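One structure is given here, and the rest of the page talks about it.
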Amino acid sequence: MNYSHEVERMCPITKGPNHGPAPIPEEGKWVKAYQISDISGLSHGVGWCAPQQGACKLTLNVKNGVIEEALVETLGCSGMTHSAAMAAEILQGKTILEALNTDLVCDAINVAMREIFKQLVYGRTQTAFSEDGLPIGASLEDLGKGLRSQVGTMFGTRAKGVRYLEMAEGYVLNIAVDENDEVVGYKFVHLGKMMEQIRKGVDPKEAYEKNIGTYGRYDGAAKYIDPRQE
């Protein structure tokens, strides 16, 4: 190591107490993190691309600094789905420092990686106070039945009002409107459950009808509107 002439001429002063880094909560323990292998936890990061055309939710389950599980969910950009496929293939097995410096092609996924890195190294994780953390595969619980991302899609104009297109429950078939032309409920089909039944051999029409439900004051509404056609 080289020192400048000015530093070489300085007299030494003894360093005072060194207590190390502040401890962070990790999987039910307080940990002083000195290196990447000291980091464990399950957390989420949300990222966006430069034109903010698309967004990514990234979930990682990290054990001793190494990514053991990755869930990549994307929205709003068709190209991002292909980047997500690549990211999900290469992230596991990397340390979180490697992953932070891996080109994940899509800006939104890279930003999500940056944000989740900060969550993990500061101990702000979903498993901060859970003894031994969560098992590998825990991120799939975010998806629910049929392992399908929960998506909300709504459209509205000043001229014509709101249209519900997709809710957490599923694909919206129609919306119920009262006498004042205000939305009071909707009918939906749960696509995840429907596709699970079709995959298991149930007739598609039967599976479709079995997974239709309603929400709110749907029955007895003044009228029903197809949000995609009316």
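Chain labels A, B, ... are given in the sequence in which chains occur in the structure tokens; within each chain residues are numbered consecutively from 1, and ligands are likewise numbered from 1 in the order shown.
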Subject >> Contacts of region 167-176 of chain A at 10 Å (only C-alpha atoms; same-chain gap of 2+ positions) as an MDAnalysis selection string >> reply: chainID A and resid 144 148:154 162:165 178 181:193 211:230
**OP:** Would you return as JSON, numbers by chain the members of region 6-209 of chain A that DSSP assigns to strand (DSSP E or B) on this structure's backbone?
**Re:** {"A": [24, 25, 26, 29, 30, 31, 41, 42, 43, 44, 45, 46, 47, 48, 55, 56, 57, 58, 59, 60, 61, 62, 63, 66, 67, 68, 69, 70, 71, 72, 73, 74, 75, 95, 153, 154, 155, 156, 157, 161, 162, 163, 164, 165, 166, 167, 170, 171, 172, 173, 174, 175, 176, 177, 183, 184, 185, 186, 187, 188, 189]}
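Note that the spacing between CA of Glu89 (chain A) and CA of Gly146 (chain A) amounts to 21.0 Å.
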Original post:
If you count only C-alpha atoms, which residues fall within 10 Å of region 55-61 of chain A, apart from same-chain ones fewer than 3 positions away, as a ChimeraX atom specification?
Top reply: /A:40-49,52,65-77,80-81,84,87-88,91-92,96,106-113,115-117,120,125-127,133-140,142
**OP:** Measuring atom to atom with only C-alpha atoms, identify which of A:Pro51, A:Gly201, A:Gly16, A:Pro25 is nearest to Asp132 (chain A).
**Re:**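 Ranking A:Pro51, A:Gly201, A:Gly16, A:Pro25 by distance to Asp132 (chain A), first place goes to A:Pro25.
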Give the alpha helix (DSSP H) residues of region 138-204 of chain A, as DSSP finds them on the backbone, and put them as a compact mmCIF listing (two decimals) with C-alpha atoms, in the first residue's frame.
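Okay, this is what ended up in selection11.txt:
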# COMPACT_ATOMS: atom_id res chain seq x y z
CA LEU A 191 -57.72 -18.36 -13.63
CA GLY A 192 -55.15 -20.13 -11.44
CA LYS A 193 -57.66 -22.58 -9.98
CA MET A 194 -59.36 -23.04 -13.37
CA MET A 195 -56.11 -23.93 -15.12
CA GLU A 196 -55.13 -26.32 -12.32
CA GLN A 197 -58.38 -28.24 -12.81
CA ILE A 198 -58.02 -28.31 -16.60
CA ARG A 199 -54.48 -29.66 -16.22
CA PRO A 204 -62.58 -26.73 -19.62
